[in-house]
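> To be precise about what I am sending: the file is called structure.cif and holds mmCIF, C-alpha atoms and all ligand atoms.
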```cif
data_start
loop_
_atom_site.label_atom_id
_atom_site.label_comp_id
_atom_site.auth_asym_id
_atom_site.auth_seq_id
_atom_site.Cartn_x
_atom_site.Cartn_y
_atom_site.Cartn_z
CA MET A 11 113.18 119.22 95.37
CA PRO A 12 109.50 120.26 95.41
CA GLU A 13 108.73 123.43 97.34
CA THR A 14 105.67 123.34 99.60
CA ALA A 15 103.86 126.63 100.08
CA PRO A 16 100.90 126.98 102.48
CA SER A 17 97.99 125.33 100.66
CA PRO A 18 95.00 127.52 99.80
CA TYR A 19 92.97 124.29 99.81
CA GLU A 20 91.63 122.16 102.65
CA THR A 21 91.81 118.81 100.85
CA LEU A 22 94.76 119.31 98.49
CA LEU A 23 98.42 120.14 98.94
CA LEU A 24 100.07 122.11 96.18
CA ASP A 25 103.81 121.88 95.54
CA ARG A 26 106.05 123.17 92.80
CA ASP A 27 109.23 121.77 91.31
CA GLU A 28 110.35 124.28 88.69
CA ALA A 29 107.69 124.25 85.95
CA VAL A 30 105.94 121.18 87.34
CA ALA A 31 102.97 121.66 89.69
CA ILE A 32 102.24 118.79 92.07
CA VAL A 33 98.67 118.41 93.31
CA ARG A 34 98.46 115.99 96.22
CA LEU A 35 95.11 114.57 97.35
CA ASN A 36 95.10 115.07 101.09
CA ARG A 37 92.31 113.45 103.10
CA PRO A 38 94.45 110.79 104.80
CA ASP A 39 91.82 109.82 107.39
CA ALA A 40 89.38 108.91 104.61
CA LEU A 41 91.97 107.30 102.31
CA ASN A 42 91.70 110.38 100.08
CA ALA A 43 88.01 109.69 99.38
CA LEU A 44 86.97 112.16 96.72
CA SER A 45 84.40 114.37 98.45
CA ASP A 46 82.41 117.13 96.81
CA ARG A 47 84.69 119.66 98.46
CA LEU A 48 87.82 117.92 97.21
CA MET A 49 86.50 117.87 93.65
CA ASP A 50 85.47 121.55 93.92
CA GLU A 51 89.00 122.33 95.07
CA MET A 52 90.51 120.18 92.32
CA THR A 53 88.48 122.15 89.77
CA ALA A 54 89.60 125.50 91.24
CA CYS A 55 93.20 124.31 91.52
CA LEU A 56 93.35 123.14 87.90
CA ASP A 57 91.75 126.42 86.76
CA ALA A 58 94.55 128.29 88.56
CA LEU A 59 97.32 126.06 87.21
CA GLU A 60 96.01 126.33 83.66
CA ALA A 61 96.00 130.13 83.97
CA ASP A 62 99.59 130.27 85.29
CA PRO A 63 102.01 130.41 82.35
CA SER A 64 104.93 129.29 84.53
CA VAL A 65 103.25 125.88 85.01
CA ARG A 66 104.07 123.59 82.09
CA ALA A 67 103.01 120.19 83.47
CA ILE A 68 100.87 118.95 86.35
CA VAL A 69 101.30 115.82 88.49
CA ILE A 70 98.27 114.57 90.44
CA THR A 71 99.15 112.18 93.24
CA GLY A 72 98.13 110.90 96.65
CA SER A 73 100.31 109.40 99.37
CA ASP A 74 102.64 106.43 99.03
CA LYS A 75 99.84 104.19 100.42
CA VAL A 76 96.75 105.50 98.69
CA PHE A 77 95.97 107.49 95.58
CA ALA A 78 92.24 107.57 96.32
CA ALA A 79 89.76 104.97 97.60
CA GLY A 80 86.97 106.34 95.41
CA ALA A 81 84.18 108.83 95.69
CA ASP A 82 83.21 109.60 99.30
CA ILE A 83 80.72 106.84 100.15
CA LYS A 84 79.63 108.45 103.43
CA GLU A 85 78.76 111.70 101.69
CA MET A 86 77.17 110.03 98.67
CA GLY A 87 75.15 107.36 100.49
CA PRO A 88 72.15 109.47 101.62
CA LYS A 89 71.80 111.35 98.33
CA THR A 90 68.38 111.15 96.64
CA TYR A 91 67.86 110.90 92.91
CA ALA A 92 66.34 114.40 92.91
CA GLU A 93 69.50 115.76 94.57
CA ALA A 94 71.85 113.87 92.28
CA PHE A 95 69.94 115.15 89.25
CA THR A 96 69.42 118.78 90.26
CA GLN A 97 72.95 119.17 91.70
CA ASP A 98 74.39 117.70 88.48
CA PHE A 99 76.25 115.21 90.66
CA LEU A 100 79.69 114.29 89.23
CA THR A 101 79.28 116.32 86.03
CA ARG A 102 79.46 119.55 88.04
CA ASN A 103 82.97 119.18 89.40
CA TRP A 104 84.62 115.87 88.40
CA GLU A 105 85.66 116.41 84.85
CA ARG A 106 87.92 119.46 84.94
CA VAL A 107 91.02 117.34 84.43
CA THR A 108 89.64 116.07 81.10
CA ARG A 109 89.54 119.68 79.89
CA CYS A 110 93.13 120.52 80.92
CA ARG A 111 95.18 121.64 77.94
CA LYS A 112 98.43 121.25 79.86
CA PRO A 113 99.76 117.71 80.33
CA VAL A 114 98.55 115.98 83.49
CA ILE A 115 100.41 112.95 84.86
CA ALA A 116 98.86 110.68 87.50
CA ALA A 117 101.46 109.29 89.94
CA VAL A 118 99.65 106.40 91.61
CA ALA A 119 100.72 104.43 94.67
CA GLY A 120 98.58 102.12 96.78
CA HIS A 121 94.77 101.97 96.49
CA CYS A 122 93.41 103.50 93.31
CA LEU A 123 89.78 102.49 93.42
CA GLY A 124 86.41 103.54 92.03
CA GLY A 125 86.40 107.28 91.42
CA GLY A 126 90.14 107.26 92.23
CA CYS A 127 90.82 104.97 89.29
CA GLU A 128 88.47 107.06 87.16
CA LEU A 129 90.32 110.25 88.11
CA ALA A 130 93.67 108.64 87.28
CA MET A 131 92.31 107.51 83.90
CA MET A 132 91.25 111.10 83.11
CA CYS A 133 94.91 112.12 83.33
CA ASP A 134 97.13 111.90 80.24
CA PHE A 135 99.16 109.00 81.51
CA ILE A 136 99.60 107.02 84.69
CA ILE A 137 102.92 106.12 86.27
CA ALA A 138 102.35 103.48 88.94
CA GLY A 139 104.30 102.66 92.06
CA ASP A 140 104.91 98.94 92.45
CA ASN A 141 102.38 98.80 95.32
CA ALA A 142 99.52 100.27 93.26
CA GLN A 143 96.18 98.46 93.11
CA PHE A 144 93.55 99.46 90.59
CA GLY A 145 89.90 98.54 90.73
CA GLN A 146 86.30 99.52 90.11
CA PRO A 147 84.64 98.01 93.21
CA GLU A 148 81.38 99.99 92.94
CA ILE A 149 79.39 96.85 92.16
CA ASN A 150 79.95 95.79 95.80
CA LEU A 151 78.02 98.91 96.87
CA GLY A 152 75.04 98.19 94.65
CA ILE A 153 76.08 100.84 92.12
CA THR A 154 78.29 101.09 89.04
CA PRO A 155 81.22 103.34 88.15
CA GLY A 156 79.88 106.82 87.37
CA VAL A 157 82.73 109.00 86.11
CA GLY A 158 83.88 107.11 83.06
CA GLY A 159 84.97 103.81 84.62
CA THR A 160 82.94 101.62 82.29
CA GLN A 161 84.03 103.66 79.27
CA ARG A 162 87.69 104.64 79.79
CA LEU A 163 88.68 101.36 81.45
CA THR A 164 87.20 99.42 78.53
CA ARG A 165 89.15 101.53 76.03
CA PHE A 166 92.38 101.01 78.01
CA VAL A 167 92.23 97.33 78.90
CA GLY A 168 89.67 95.86 76.47
CA LYS A 169 86.22 94.42 77.06
CA SER A 170 87.04 91.16 78.81
CA LYS A 171 89.21 92.57 81.58
CA ALA A 172 87.06 95.70 82.00
CA MET A 173 83.95 93.56 82.23
CA GLU A 174 85.53 91.28 84.83
CA MET A 175 86.76 94.22 86.91
CA VAL A 176 83.45 96.09 86.74
CA LEU A 177 81.22 93.05 87.28
CA THR A 178 83.23 91.39 90.06
CA GLY A 179 85.14 94.31 91.56
CA ARG A 180 88.42 92.40 91.12
CA ARG A 181 91.45 94.59 91.60
CA ILE A 182 94.60 94.39 89.54
CA ASP A 183 98.10 95.07 90.75
CA ALA A 184 100.64 97.35 89.09
CA VAL A 185 102.22 94.57 87.03
CA GLU A 186 98.86 93.50 85.58
CA ALA A 187 97.94 97.17 85.04
CA GLU A 188 101.08 97.73 82.99
CA ARG A 189 100.61 94.47 81.08
CA CYS A 190 97.10 95.49 79.99
CA GLY A 191 97.98 99.08 79.10
CA LEU A 192 96.26 100.89 81.97
CA VAL A 193 99.54 102.46 83.12
CA SER A 194 102.50 103.61 81.07
CA ARG A 195 105.04 102.06 83.44
CA VAL A 196 105.69 100.77 86.95
CA VAL A 197 108.50 102.05 89.17
CA PRO A 198 109.51 101.27 92.76
CA VAL A 199 107.19 103.29 94.96
CA ALA A 200 110.13 105.17 96.48
CA GLU A 201 110.99 106.48 93.01
CA LEU A 202 107.43 107.30 91.94
CA MET A 203 107.41 111.05 92.54
CA GLY A 204 110.93 111.48 91.20
CA GLU A 205 109.98 109.70 87.98
CA ALA A 206 106.69 111.59 87.58
CA ILE A 207 108.38 114.95 88.16
CA LYS A 208 111.18 113.98 85.77
CA ALA A 209 108.59 113.25 83.07
CA GLY A 210 106.91 116.59 83.84
CA LYS A 211 110.24 118.44 83.58
CA LYS A 212 111.05 116.76 80.27
CA ILE A 213 107.68 117.93 78.91
CA ALA A 214 108.30 121.41 80.34
CA SER A 215 111.58 121.65 78.43
CA LEU A 216 109.82 121.14 75.07
CA SER A 217 107.80 123.49 72.90
CA PRO A 218 104.52 124.14 74.72
CA LEU A 219 102.87 124.44 71.31
CA SER A 220 103.82 121.01 70.03
CA VAL A 221 103.12 119.50 73.47
CA MET A 222 99.62 120.96 73.53
CA MET A 223 98.92 119.87 69.97
CA ALA A 224 100.31 116.38 70.55
CA LYS A 225 98.02 115.96 73.54
CA GLU A 226 95.00 117.03 71.50
CA MET A 227 95.98 114.67 68.69
CA VAL A 228 96.26 111.60 70.92
CA ASN A 229 92.96 112.46 72.59
CA VAL A 230 91.25 112.68 69.19
CA ALA A 231 92.20 109.01 68.68
CA TYR A 232 89.65 108.14 71.39
CA GLU A 233 86.84 110.11 69.87
CA THR A 234 86.81 109.56 66.13
CA THR A 235 87.50 107.17 63.27
CA LEU A 236 91.06 106.38 62.15
CA ALA A 237 90.59 108.27 58.87
CA GLU A 238 89.25 111.38 60.64
CA GLY A 239 91.97 111.15 63.27
CA VAL A 240 94.76 110.89 60.71
CA ARG A 241 93.29 113.84 58.77
CA TYR A 242 93.19 115.88 62.00
CA GLU A 243 96.77 114.90 62.82
CA ARG A 244 97.99 115.88 59.33
CA ARG A 245 96.39 119.35 59.50
CA GLN A 246 97.76 119.98 62.98
CA PHE A 247 101.18 118.72 61.94
CA GLN A 248 101.23 121.04 58.91
CA SER A 249 100.24 123.99 61.09
CA LEU A 250 103.28 123.43 63.33
CA PHE A 251 105.39 124.88 60.50
CA ALA A 252 103.87 128.28 61.29
CA PHE A 253 105.66 128.36 64.65
CA ASP A 254 109.18 129.63 65.44
CA ASP A 255 109.62 126.59 67.71
CA GLN A 256 109.55 124.24 64.69
CA LYS A 257 112.35 126.23 63.02
CA GLU A 258 114.28 126.39 66.30
CA GLY A 259 113.92 122.64 66.99
CA MET A 260 115.09 121.58 63.56
CA THR A 261 117.84 124.24 63.26
CA ALA A 262 119.19 123.25 66.67
CA PHE A 263 119.33 119.61 65.57
CA VAL A 264 121.29 120.50 62.43
CA GLU A 265 123.61 122.81 64.41
CA LYS A 266 124.12 120.08 67.04
CA ARG A 267 122.96 122.27 69.96
CA LYS A 268 120.11 122.24 72.47
CA PRO A 269 117.00 124.04 71.21
CA THR A 270 115.58 127.03 73.06
CA PHE A 271 111.84 126.90 72.67
CA LYS A 272 109.90 130.12 73.21
CA GLY A 273 106.34 128.96 72.68
CA THR A 274 105.98 131.15 69.62
N1 LIG B 301 84.50 106.93 101.02
C1 LIG B 301 84.46 107.35 102.29
N2 LIG B 301 85.29 106.89 103.26
C2 LIG B 301 86.17 105.94 102.91
C3 LIG B 301 86.26 105.43 101.61
C4 LIG B 301 85.37 105.97 100.64
N3 LIG B 301 85.43 105.60 99.33
N4 LIG B 301 87.23 104.48 101.58
C5 LIG B 301 87.73 104.40 102.83
N5 LIG B 301 87.09 105.28 103.64
C6 LIG B 301 87.30 105.52 105.08
C7 LIG B 301 86.77 104.35 105.90
O1 LIG B 301 85.38 104.48 106.11
C8 LIG B 301 87.60 104.51 107.16
O2 LIG B 301 87.05 105.55 107.91
P1 LIG B 301 86.78 105.36 109.50
O3 LIG B 301 88.18 105.22 110.08
O4 LIG B 301 86.10 106.63 109.90
O5 LIG B 301 85.99 104.12 109.67
C9 LIG B 301 88.95 104.99 106.64
O6 LIG B 301 88.71 105.54 105.34
C10 LIG B 301 89.95 103.85 106.51
O7 LIG B 301 89.35 102.85 105.69
P2 LIG B 301 89.38 101.29 106.07
O8 LIG B 301 89.30 101.12 107.53
O9 LIG B 301 88.31 100.63 105.26
O10 LIG B 301 90.82 100.90 105.54
P3 LIG B 301 91.33 99.45 105.09
O11 LIG B 301 92.81 99.59 104.94
O12 LIG B 301 90.81 98.39 105.98
O13 LIG B 301 90.67 99.19 103.64
C11 LIG B 301 90.04 99.81 101.39
C12 LIG B 301 91.06 99.98 102.53
C13 LIG B 301 90.06 98.39 100.87
C14 LIG B 301 90.43 100.79 100.28
C15 LIG B 301 88.63 100.10 101.92
O14 LIG B 301 88.64 101.34 102.62
C16 LIG B 301 87.57 100.23 100.85
O15 LIG B 301 87.13 99.22 100.33
N6 LIG B 301 87.12 101.46 100.53
C17 LIG B 301 86.05 101.68 99.59
C18 LIG B 301 86.45 101.43 98.15
C19 LIG B 301 85.27 101.66 97.23
O16 LIG B 301 84.28 100.98 97.29
N7 LIG B 301 85.39 102.66 96.33
C20 LIG B 301 84.36 103.01 95.39
C21 LIG B 301 83.57 104.18 95.93
S1 LIG B 301 82.12 104.56 94.95
C22 LIG B 301 82.68 105.46 93.64
O17 LIG B 301 83.85 105.77 93.54
C23 LIG B 301 81.60 105.84 92.64
C24 LIG B 301 82.09 106.51 91.41
O18 LIG B 301 82.42 105.89 90.43
C25 LIG B 301 82.11 107.96 91.34
#
```
Let me see whether you can do it: turn the structure in this file into structure tokens.
Ligand code: CAA


Amino acid sequence: MPETAPSPYETLLLDRDEAVAIVRLNRPDALNALSDRLMDEMTACLDALEADPSVRAIVITGSDKVFAAGADIKEMGPKTYAEAFTQDFLTRNWERVTRCRKPVIAAVAGHCLGGGCELAMMCDFIIAGDNAQFGQPEINLGITPGVGGTQRLTRFVGKSKAMEMVLTGRRIDAVEAERCGLVSRVVPVAELMGEAIKAGKKIASLSPLSVMMAKEMVNVAYETTLAEGVRYERRQFQSLFAFDDQKEGMTAFVEKRKPTFKGT
């Protein structure tokens, strides 16, 4: 069971279950709207988790009713262009999760809208509770998505569905999200955290070296041509043979025992 220590953050709760850190968005009165403070704290929290060698996987989640209803509209509404520009709005503190080298799993239940959906898409994969609802409703506010929604959503679900969601604000449920590749799988909401933590523990039991490299390899697929990506994969794959963990993994298979990976 996850252990809850007193949170050093005002807007996040931090739990641990063995090597899996659980970061819970915690602004229930505002449906976990992603305020500047929350994103500052998320950045600081991820910095701390990345620096802690005992953390091998991270789960970002909300409550069983809401992941996040988007960026904080009340805070954002009065902003001027000069403020948005000079404060480096969004770039300053929203993208830390995209730079995480450790695996980050989004466990999403309930509303996952606007910046909430964009935050979930920055994670490595999304496991959805069966009550999850995904959407980019910014168009209803006279704006557009601003933290990757038009770009990542399009890569995940294709142009037609992304265009419909972004232009009309239509939400999709968990079943549709799985069908179009936005989420890796859907589980009953009561099992969501158990499944996400189980995935985190499985990752934590593997070689941290091959896990980190595998994550980088898949991410390269989004940023380059197939030929470049395959070349990158081949070089990284060859370099794995320099690690003790490769010898241990393959020797353990041949000896019919469980491998003990040391991250060397
Ligand atoms: N920002 C600030 N406050 C929010 C919020 C948001 N994104 N979403 C909900 N809240 C607040 C509401 O104002 C309300 O507060 P009060 O009790 O003080 O009035 C409280 O949370 C509960 O919300 P509702 O009463 O609206 O709850 P509901 O169950 O009737 O509706 C909902 C739920 C459909 C999610 C609705 O709250 C909603 O539509 N929220 C906004 C969704 C949205 O437009 N998100 C995009 C934001 S812009 C963005 O994210 C830009 C970007 O790309 C970075």

> Restricting the calculation to all atoms listed in the file: of A:Cys122, A:Ala54, A:Leu250, A:Ala184, which residue gets closest to ligand LIG 301 (chain B)?

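When distances to ligand LIG 301 (chain B) are compared using all atoms listed in the file, the smallest one comes from A:Cys122.
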
> Go through A:Thr101, A:Thr234, A:Gln256, A:Thr96 one by one, measure the shortest atom-to-atom distance of each to ligand LIG 301 (chain B) using all atoms listed in the file, and give the residue with the smallest value.

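So, comparing all the options, the nearest one is A:Thr101.
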
> Give the residues close to ligand LIG 301 (chain B), within 8 Å, counting only C-alpha atoms and all ligand atoms; write them as a VMD selection string.

chain A and resid 38 to 45 78 to 85 100 121 123 to 126 128 146 to 148 150 to 151 153 to 159

> Using only C-alpha atoms, which residue out of A:Thr164, A:Ala116, A:Ser194, A:Lys75 lies closest to A:Gln143?

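Going through A:Thr164, A:Ala116, A:Ser194, A:Lys75 one by one, the smallest distance to A:Gln143 is for A:Lys75.
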
> What gap, in Å, lies between atom CA of A:Asp140 and atom CA of A:Ala119?

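Computing the Euclidean distance for atom CA of A:Asp140 and atom CA of A:Ala119 yields 7.3 Å.
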
> Please indicate the distance in Å from atom CA of A:Arg195 to atom CA of A:Val107, rounded to one decimal place.

20.8 Å

> Report as a list in words all protein, DNA and RNA residues lying within 9 Å of A:Gly139, evaluated on only C-alpha atoms, omitting residues in the same chain fewer than 6 positions from it.

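Returned residues: Asp74, Ala117, Val118, Ala119, Gly120, Ala184, Arg195, Val196, Val197, Pro198, Val199, Ala200, Glu201, Leu202 and Met203 of chain A.
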
> Write the residues of the preceding selection, restricted to C-alpha atoms, as a PDB file, in the coordinates of the input.


```
ATOM      1  CA  ASP A  74     102.640 106.430  99.030  1.00  0.00           C
ATOM      2  CA  ALA A 117     101.460 109.290  89.940  1.00  0.00           C
ATOM      3  CA  VAL A 118      99.650 106.400  91.610  1.00  0.00           C
ATOM      4  CA  ALA A 119     100.720 104.430  94.670  1.00  0.00           C
ATOM      5  CA  GLY A 120      98.580 102.120  96.780  1.00  0.00           C
ATOM      6  CA  ALA A 184     100.640  97.350  89.090  1.00  0.00           C
ATOM      7  CA  ARG A 195     105.040 102.060  83.440  1.00  0.00           C
ATOM      8  CA  VAL A 196     105.690 100.770  86.950  1.00  0.00           C
ATOM      9  CA  VAL A 197     108.500 102.050  89.170  1.00  0.00           C
ATOM     10  CA  PRO A 198     109.510 101.270  92.760  1.00  0.00           C
ATOM     11  CA  VAL A 199     107.190 103.290  94.960  1.00  0.00           C
ATOM     12  CA  ALA A 200     110.130 105.170  96.480  1.00  0.00           C
ATOM     13  CA  GLU A 201     110.990 106.480  93.010  1.00  0.00           C
ATOM     14  CA  LEU A 202     107.430 107.300  91.940  1.00  0.00           C
ATOM     15  CA  MET A 203     107.410 111.050  92.540  1.00  0.00           C
TER      16      MET A 203
END
```

> So which residues touch A:Thr53 within 12 Å, counting only C-alpha atoms, skipping near sequence neighbours fewer than 5 positions away, as a list of chain:residue names?

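Listed by chain and then number, they are A:Tyr19, A:Leu22, A:Val33, A:Asp46, A:Arg47, A:Leu48, A:Ala58, A:Leu59, A:Glu60, A:Leu100, A:Thr101, A:Arg102, A:Asn103, A:Trp104, A:Glu105, A:Arg106, A:Val107, A:Thr108, A:Arg109, A:Cys110.
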
> Using Å and a single decimal, report how far atom CA of A:Val30 sits from atom CA of A:Lys208.

9.0 Å

> Select all residues near (92.0, 120.1, 98.2) (cut-off 7 Å, inclusive, file coordinates), counting all atoms listed in the file, and output them as a list in words.

Tyr19, Glu20, Thr21, Leu22, Leu23, Leu35, Asn36, Leu48, Glu51 and Met52 of chain A

> Neighbours of A:Met223 within 12 Å (only C-alpha atoms; same-chain residues fewer than 5 positions away dropped), as an MDAnalysis selection string?

chainID A and resid 111:113 217:218 228:230 242:250
